[in-house]
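Heads up, the thing below is written out as structure tokens.
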Amino acid sequence: VVDRLLSSPHYGERMAVDWLDAARYADSNGYQVDRDREMHAWRDWVIRAFNENKPFDEFTIEQLAGDLLPQPTLEQRIATGFHRNHMMNEEGGVIPEEFLAEYCADRVETTATVWLGQTFICSRCHDHKFDPFSQRDYYSMYAFFHNVTEQGKGNYGASIRRNNPPMIQLPSPELEAKRDALRKQLAALQDKLKAAKKESPEHEKLTKQVAAMKKRADQADLAIPTALVMEEMAKPRPTYILIRGAYNKRGEPVTAATPASLPPMRKGLPKNRLGLARWLMDPTNPLPSRVTVNRLWQSIFGRGIVSTPEDFGVQGEFPSHPALLDWLAVEFIDSGWNVKAMMRLMVTSATYRQSSRMSATPAQLDPDNRLLARGPRYRLQAEFLRDQALSASGLLVRKIGGPSVRPYHPPGLYEQVVAGKGANTYKQDKGAGLYRRTLYSYWKRSVPNPAMLAFDAPFRETCTVRRSRTNTPMQALNLMNDPTYVEAAEFLARRMILEGGATVDSRLTRGFQLTLARPPSEPELTLLRAGLQRALTDFKADPAAATKLLQTGDTPMHNAPGAIELAAYAMTASAILNLDETVTRE
């Protein structure tokens, strides 16, 4: 089973969810304007990298410095979008130098969090109060990222496909052919214009034709999708310690260097992002392998061996099993940075395969399960709750990759928050776009999907390597009333009726199997029967309520059972989708 799941093309999608949190991935720039951006090519690269089991050292190097590799491929350049995922300001009147400093600082802090597990942000304004990192260390790291050919602000007047260089166009043969044909026609017209005399009617006619053709060629060029990438300047910018972190208060000059308290870079490594990436993946560096296996552990156990994955410093929590963390870190390096091998090792362990049921003695000795006296138990992440409901109902569209999609979203919310002409209306998708995995849902920083926020998804404004896990009434209300879950309940009910046989018990059992992968117990069947009968009675007394319920969602239901019966089973299916066992990983 483990090998089948690891070889599934959907494994990469699961692994990408956590990485997108760390990379602060979103489909918009943030700040007040918060215009769209195109970064799905980078997101799809991450999915492919996990599916192909790209060694983690290559995975790291290509994202931090793929453009600096010898003769970089298109894929390696797309990978560098990792450090273009940060927020970007397009507001009028901003000071470019100020936001260039913000972008560089974001890259320093994200790199330190993701690969070193360190709170470098504390060193931006002063020496770290607890860990051995000075302000000079911070700005020496800053210098690695200070040489990107980017502007300090976006151009709000330009298309999103030109407003924040550096960027590259993605392969689009049909669109490229159309653009190139128009450019060829433009060149021919320009030649004719040069030959025409400025005083005959022909010159005026050709001038207008050239202007029109230029516009058409430009529009054709703008139709080609793009991706934000990193690109090094020919001459590095000078870098200074910024006094109290202020962009316009320069202190001593610094050059690119790694923190003095960590092992030095090997001789011969270039003092640029490529050298930094190779230093991070150097086996003598004690942190990256520990930090990474800790997050892999967290992804399946719900909590890391170090429960503060963002802080391996003295203010972070001490490892619950320090020897295990050390062993896993060495094993990860010795495996050739093999992520799938580490995941297989963890999920086939006796520790992971324990029952999550709590017995009396462990409950007293290890109430929080820090010592792993039982198997992990925790609520599913926001994305997986939605994906699970779509899968059980048969609505899930399993296509991999492509531009982000717009599923159901509360009407009117955009109008209240988003500024800008034409940008303040949420254009919901139709058809398959409503039922893609949540990983592909459009993520606007100023108005994230509230259903995702209710289940603790981050805003994606900054790097996040640990999600909070709350339990609130809003979550239950969402699972019962959100159009996504109501529609999923309707289609799950249809499957129960059409696939579950002729009896009530066999239909209820089918619903349990589709959702929980097990049959219900007799006490559970008794409760479900009673709930189904109550719903049937209610809808028979009020058929209009049954009709109204079944109008939820955009997808028409073919071969649908009668409205009253279907609505009653939909209420039962909703109850199954809301069970603790359904929303909890056990």
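Naming scheme: A, B, ... for chains in displayed order of the structure tokens; residues 1 onward per chain; ligands 1 onward as shown.
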
(request) Write out as a ChimeraX atom specification which residues come within 9 Å of Ser140 (chain A) when counting only C-alpha atoms, dropping same-chain ones fewer than 2 positions away. (result) /A:135-138,142-144,239-241,254-259

(message) Can you pull out the residues contacting region 557-562 of chain A? Cut-off 8 Å, using only C-alpha atoms, and skip same-chain residues under 5 positions away; I want them as a PyMOL selection string.
(response) chain A and resi 491+494+497

(request) Might you pull out every residue within 12 Å of Gln190 (chain A), with only C-alpha atoms counted and same-chain residues fewer than 2 positions away left off, and present them as a PyMOL selection string? (result) chain A and resi 183-188+192-196+203+205-214

Residue contacts of Ala432 (chain A) (10 Å, only C-alpha atoms) excluding same-chain residues fewer than 6 positions away, as a tab-separated table (two decimals) with N, CA, C and O atoms, in the first residue's frame:
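File part.tsv, as written:
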chain	number	residue	atom	x	y	z
A	395	LEU	N	-17.21	13.66	-7.12
A	395	LEU	CA	-17.09	14.92	-7.86
A	395	LEU	C	-15.64	15.32	-8.16
A	395	LEU	O	-15.39	16.15	-9.03
A	396	LEU	N	-14.69	14.75	-7.43
A	396	LEU	CA	-13.30	15.20	-7.54
A	396	LEU	C	-12.76	15.02	-8.96
A	396	LEU	O	-12.84	13.93	-9.54
A	397	VAL	N	-12.20	16.09	-9.53
A	397	VAL	CA	-11.53	16.05	-10.82
A	397	VAL	C	-10.05	15.88	-10.56
A	397	VAL	O	-9.42	16.73	-9.91
A	398	ARG	N	-9.46	14.82	-11.05
A	398	ARG	CA	-8.11	14.44	-10.66
A	398	ARG	C	-7.01	14.94	-11.60
A	398	ARG	O	-5.87	14.51	-11.51
A	399	LYS	N	-7.34	15.86	-12.47
A	399	LYS	CA	-6.35	16.45	-13.36
A	399	LYS	C	-5.22	17.08	-12.55
A	399	LYS	O	-5.45	17.67	-11.50
A	405	VAL	N	-7.78	27.53	-10.27
A	405	VAL	CA	-9.22	27.53	-10.56
A	405	VAL	C	-9.95	28.25	-9.44
A	405	VAL	O	-9.43	28.44	-8.34
A	407	PRO	N	-13.18	27.89	-7.24
A	407	PRO	CA	-14.35	27.16	-6.76
A	407	PRO	C	-15.34	28.09	-6.08
A	407	PRO	O	-15.22	29.32	-6.16
A	555	THR	N	-23.65	21.66	-10.53
A	555	THR	CA	-23.61	20.49	-11.39
A	555	THR	C	-24.95	19.76	-11.41
A	555	THR	O	-25.43	19.33	-10.34

(request) Extract, using only C-alpha atoms, all DNA, RNA and protein residues at most 10 Å from region 463-476 of chain A, discarding same-chain residues fewer than 3 positions from it, and format them as a ChimeraX atom specification. (result) /A:18-25,85-86,106-107,109-111,113-114,117,295,298-299,302-304,307-310,378-382,451-460,479-482,578-579

Restricting the output to C-alpha atoms, write the selected residues as a CSV table (one decimal), in the first residue's frame.
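Below is the file that was written, selection-v1.csv:
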chain,number,residue,atom,x,y,z
A,18,ASP,CA,3.2,21.9,2.8
A,19,TRP,CA,5.9,23.3,0.5
A,20,LEU,CA,3.6,26.0,-0.8
A,21,ASP,CA,3.0,27.1,2.8
A,22,ALA,CA,6.8,27.4,3.3
A,23,ALA,CA,7.3,29.1,0.0
A,24,ARG,CA,4.4,31.6,0.7
A,25,TYR,CA,2.8,30.7,-2.7
A,85,ASN,CA,6.6,34.1,-4.3
A,86,HIS,CA,6.9,36.9,-1.8
A,106,ASP,CA,11.8,38.2,3.0
A,107,ARG,CA,14.2,35.9,1.1
A,109,GLU,CA,14.1,35.1,6.6
A,110,THR,CA,12.4,32.5,4.4
A,111,THR,CA,15.7,30.7,3.6
A,113,THR,CA,13.3,29.3,8.3
A,114,VAL,CA,13.0,26.6,5.6
A,117,GLY,CA,15.1,26.4,11.3
A,295,ARG,CA,9.1,18.7,8.9
A,298,GLN,CA,5.5,16.6,11.3
A,299,SER,CA,3.6,16.0,8.0
A,302,GLY,CA,1.0,16.0,13.1
A,303,ARG,CA,3.8,17.4,15.2
A,304,GLY,CA,7.6,17.4,14.7
A,307,SER,CA,7.5,20.9,17.8
A,308,THR,CA,8.8,24.4,16.8
A,309,PRO,CA,10.0,23.6,13.2
A,310,GLU,CA,10.5,27.3,12.6
A,378,TYR,CA,-5.2,15.1,14.5
A,379,ARG,CA,-7.7,17.0,12.4
A,380,LEU,CA,-7.1,17.0,8.7
A,381,GLN,CA,-5.8,20.1,7.0
A,382,ALA,CA,-8.3,22.4,5.3
A,451,ALA,CA,-13.4,28.1,4.4
A,452,MET,CA,-9.7,27.5,4.2
A,453,LEU,CA,-9.0,30.1,6.9
A,454,ALA,CA,-11.6,28.5,9.2
A,455,PHE,CA,-9.5,25.3,9.2
A,456,ASP,CA,-6.2,27.2,9.8
A,457,ALA,CA,-4.8,27.6,6.4
A,458,PRO,CA,-2.2,30.5,6.5
A,459,PHE,CA,-2.7,33.7,4.5
A,460,ARG,CA,0.5,32.9,2.6
A,479,LEU,CA,-18.9,21.5,7.0
A,480,MET,CA,-22.7,21.6,7.3
A,481,ASN,CA,-23.5,24.6,5.2
A,482,ASP,CA,-20.7,25.4,2.7
A,578,ASN,CA,-19.2,15.6,9.7
A,579,LEU,CA,-18.2,12.7,11.8

(message) When you count only C-alpha atoms, which of these residues is closest to Thr509 (chain A): A:Glu522, A:Glu102, A:Glu231, A:Glu565?
(response)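 Between A:Glu522, A:Glu102, A:Glu231, A:Glu565, the residue approaching Thr509 (chain A) most closely is A:Glu522.
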
(request) Assign secondary structure with DSSP using the backbone only, and return the residues of region 164-331 of chain A in alpha helix (DSSP H) as JSON, numbers by chain. (result) {"A": [173, 174, 175, 176, 177, 178, 179, 180, 181, 182, 183, 184, 185, 186, 187, 188, 189, 190, 191, 192, 193, 194, 195, 201, 202, 203, 204, 205, 206, 207, 208, 209, 210, 211, 212, 213, 214, 215, 216, 217, 218, 219, 220, 221, 222, 273, 274, 275, 276, 277, 278, 279, 280, 288, 289, 290, 291, 292, 293, 294, 295, 296, 297, 298, 299, 300, 301, 322, 323, 324, 325, 326, 327, 328, 329, 330, 331]}

Tell me, as a short mmCIF file (atom, residue, chain, number, x, y, z; two decimals) with C-alpha atoms, in the first residue's frame, which residues lie within 9 Å of Lys178 (chain A), counting only C-alpha atoms; anything in the same chain fewer than 6 positions away does not count.
data_model
loop_
_atom_site.label_atom_id
_atom_site.label_comp_id
_atom_site.auth_asym_id
_atom_site.auth_seq_id
_atom_site.Cartn_x
_atom_site.Cartn_y
_atom_site.Cartn_z
CA ALA A 217 1.41 41.58 -32.28
CA ALA A 220 -0.60 38.16 -29.15
CA ASP A 221 2.63 38.35 -27.14
#

(message) I want to know what sits within 7 Å of Ala488 (chain A), based on only C-alpha atoms, with residues of the same chain fewer than 4 positions away left out; could you give that as a PyMOL selection string?
(response) chain A and resi 389-390+393+484+492

Can you pull out every residue from region 19-262 of chain A that DSSP, working from the backbone, puts in strand (DSSP E), and format the result as an mmCIF file with all heavy atoms, in the first residue's frame?
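Full text of selection-v2.cif as output:
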data_model
loop_
_atom_site.group_PDB
_atom_site.id
_atom_site.type_symbol
_atom_site.label_atom_id
_atom_site.label_comp_id
_atom_site.auth_asym_id
_atom_site.auth_seq_id
_atom_site.Cartn_x
_atom_site.Cartn_y
_atom_site.Cartn_z
ATOM 1 N N MET A 167 11.046 37.774 -15.631
ATOM 2 C CA MET A 167 10.079 36.717 -15.880
ATOM 3 C C MET A 167 10.397 36.065 -17.213
ATOM 4 O O MET A 167 11.151 36.609 -18.022
ATOM 5 C CB MET A 167 8.651 37.268 -15.862
ATOM 6 C CG MET A 167 8.412 38.436 -16.790
ATOM 7 S SD MET A 167 6.720 39.065 -16.709
ATOM 8 C CE MET A 167 6.594 39.484 -14.985
ATOM 9 N N ILE A 168 9.837 34.880 -17.423
ATOM 10 C CA ILE A 168 10.040 34.177 -18.689
ATOM 11 C C ILE A 168 8.686 33.755 -19.232
ATOM 12 O O ILE A 168 7.739 33.543 -18.476
ATOM 13 C CB ILE A 168 10.937 32.926 -18.521
ATOM 14 C CG1 ILE A 168 10.378 31.995 -17.437
ATOM 15 C CG2 ILE A 168 12.370 33.309 -18.221
ATOM 16 C CD1 ILE A 168 11.107 30.676 -17.333
ATOM 17 N N GLN A 169 8.611 33.674 -20.554
ATOM 18 C CA GLN A 169 7.404 33.153 -21.175
ATOM 19 C C GLN A 169 7.452 31.630 -21.177
ATOM 20 O O GLN A 169 8.509 31.025 -21.365
ATOM 21 C CB GLN A 169 7.257 33.683 -22.597
ATOM 22 C CG GLN A 169 6.929 35.168 -22.668
ATOM 23 C CD GLN A 169 6.673 35.643 -24.080
ATOM 24 O OE1 GLN A 169 7.344 35.211 -25.012
ATOM 25 N NE2 GLN A 169 5.716 36.546 -24.244
ATOM 26 N N THR A 226 3.293 33.490 -18.467
ATOM 27 C CA THR A 226 4.644 33.769 -17.977
ATOM 28 C C THR A 226 4.861 33.154 -16.599
ATOM 29 O O THR A 226 3.941 32.635 -15.975
ATOM 30 C CB THR A 226 4.872 35.289 -17.880
ATOM 31 O OG1 THR A 226 3.880 35.844 -17.001
ATOM 32 C CG2 THR A 226 4.776 35.952 -19.243
ATOM 33 N N ALA A 227 6.084 33.234 -16.131
ATOM 34 C CA ALA A 227 6.429 32.825 -14.772
ATOM 35 C C ALA A 227 7.502 33.768 -14.244
ATOM 36 O O ALA A 227 8.432 34.132 -14.972
ATOM 37 C CB ALA A 227 6.934 31.380 -14.744
ATOM 38 N N LEU A 228 7.371 34.157 -12.986
ATOM 39 C CA LEU A 228 8.390 34.989 -12.347
ATOM 40 C C LEU A 228 9.588 34.121 -12.000
ATOM 41 O O LEU A 228 9.439 33.009 -11.484
ATOM 42 C CB LEU A 228 7.831 35.638 -11.084
ATOM 43 C CG LEU A 228 6.605 36.535 -11.258
ATOM 44 C CD1 LEU A 228 6.111 37.022 -9.903
ATOM 45 C CD2 LEU A 228 6.931 37.717 -12.151
ATOM 46 N N THR A 239 26.043 46.113 -0.720
ATOM 47 C CA THR A 239 25.152 45.796 0.406
ATOM 48 C C THR A 239 25.736 46.373 1.681
ATOM 49 O O THR A 239 26.954 46.307 1.912
ATOM 50 C CB THR A 239 24.981 44.272 0.554
ATOM 51 O OG1 THR A 239 24.485 43.735 -0.667
ATOM 52 C CG2 THR A 239 24.014 43.925 1.671
ATOM 53 N N TYR A 240 24.861 46.917 2.519
ATOM 54 C CA TYR A 240 25.274 47.528 3.777
ATOM 55 C C TYR A 240 24.425 46.965 4.919
ATOM 56 O O TYR A 240 23.283 46.543 4.716
ATOM 57 C CB TYR A 240 25.087 49.050 3.731
ATOM 58 C CG TYR A 240 25.812 49.720 2.598
ATOM 59 C CD1 TYR A 240 25.194 49.854 1.349
ATOM 60 C CD2 TYR A 240 27.095 50.217 2.763
ATOM 61 C CE1 TYR A 240 25.855 50.468 0.295
ATOM 62 C CE2 TYR A 240 27.757 50.843 1.715
ATOM 63 C CZ TYR A 240 27.144 50.959 0.481
ATOM 64 O OH TYR A 240 27.798 51.567 -0.549
ATOM 65 N N ILE A 241 24.979 46.987 6.119
ATOM 66 C CA ILE A 241 24.150 46.766 7.300
ATOM 67 C C ILE A 241 23.187 47.945 7.396
ATOM 68 O O ILE A 241 23.597 49.099 7.289
ATOM 69 C CB ILE A 241 25.021 46.674 8.565
ATOM 70 C CG1 ILE A 241 25.911 45.421 8.512
ATOM 71 C CG2 ILE A 241 24.150 46.665 9.825
ATOM 72 C CD1 ILE A 241 26.893 45.303 9.659
ATOM 73 N N LEU A 242 21.912 47.657 7.539
ATOM 74 C CA LEU A 242 20.917 48.720 7.655
ATOM 75 C C LEU A 242 20.633 48.972 9.129
ATOM 76 O O LEU A 242 20.186 48.072 9.854
ATOM 77 C CB LEU A 242 19.625 48.325 6.915
ATOM 78 C CG LEU A 242 19.789 48.066 5.410
ATOM 79 C CD1 LEU A 242 18.446 47.719 4.781
ATOM 80 C CD2 LEU A 242 20.423 49.267 4.699
ATOM 81 N N ARG A 250 22.206 53.501 6.090
ATOM 82 C CA ARG A 250 23.265 52.532 5.809
ATOM 83 C C ARG A 250 24.365 52.586 6.847
ATOM 84 O O ARG A 250 24.806 53.661 7.243
ATOM 85 C CB ARG A 250 23.852 52.795 4.424
ATOM 86 C CG ARG A 250 22.871 52.537 3.292
ATOM 87 C CD ARG A 250 23.505 52.865 1.962
ATOM 88 N NE ARG A 250 22.643 52.489 0.847
ATOM 89 C CZ ARG A 250 22.935 52.695 -0.432
ATOM 90 N NH1 ARG A 250 24.085 53.302 -0.729
ATOM 91 N NH2 ARG A 250 22.109 52.309 -1.378
ATOM 92 N N GLY A 251 24.821 51.403 7.220
ATOM 93 C CA GLY A 251 25.956 51.283 8.109
ATOM 94 C C GLY A 251 27.156 50.759 7.344
ATOM 95 O O GLY A 251 27.408 51.164 6.206
ATOM 96 N N GLU A 252 27.871 49.827 7.934
ATOM 97 C CA GLU A 252 29.080 49.281 7.305
ATOM 98 C C GLU A 252 28.723 48.431 6.090
ATOM 99 O O GLU A 252 27.702 47.759 6.069
ATOM 100 C CB GLU A 252 29.844 48.410 8.304
ATOM 101 C CG GLU A 252 30.360 49.152 9.521
ATOM 102 C CD GLU A 252 31.058 48.205 10.489
ATOM 103 O OE1 GLU A 252 31.518 47.140 10.019
ATOM 104 O OE2 GLU A 252 31.120 48.515 11.675
ATOM 105 N N PRO A 253 29.593 48.460 5.067
ATOM 106 C CA PRO A 253 29.369 47.577 3.916
ATOM 107 C C PRO A 253 29.664 46.129 4.294
ATOM 108 O O PRO A 253 30.513 45.851 5.158
ATOM 109 C CB PRO A 253 30.359 48.100 2.878
ATOM 110 C CG PRO A 253 31.432 48.764 3.668
ATOM 111 C CD PRO A 253 30.765 49.326 4.894
ATOM 112 N N VAL A 254 28.961 45.191 3.650
ATOM 113 C CA VAL A 254 29.200 43.759 3.873
ATOM 114 C C VAL A 254 29.213 43.057 2.523
ATOM 115 O O VAL A 254 28.699 43.560 1.528
ATOM 116 C CB VAL A 254 28.115 43.125 4.775
ATOM 117 C CG1 VAL A 254 28.160 43.669 6.182
ATOM 118 C CG2 VAL A 254 26.726 43.324 4.174
#

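Atom to atom, CA of Tyr11 (chain A) and CA of Arg48 (chain A) stand 9.7 Å apart.
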
(request) Tell me which of A:Ile224, A:Gln32, A:Arg386, A:Gln551 sits closest to Asp180 (chain A), counting only C-alpha atoms. (result)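 Nearest to Asp180 (chain A): A:Ile224.
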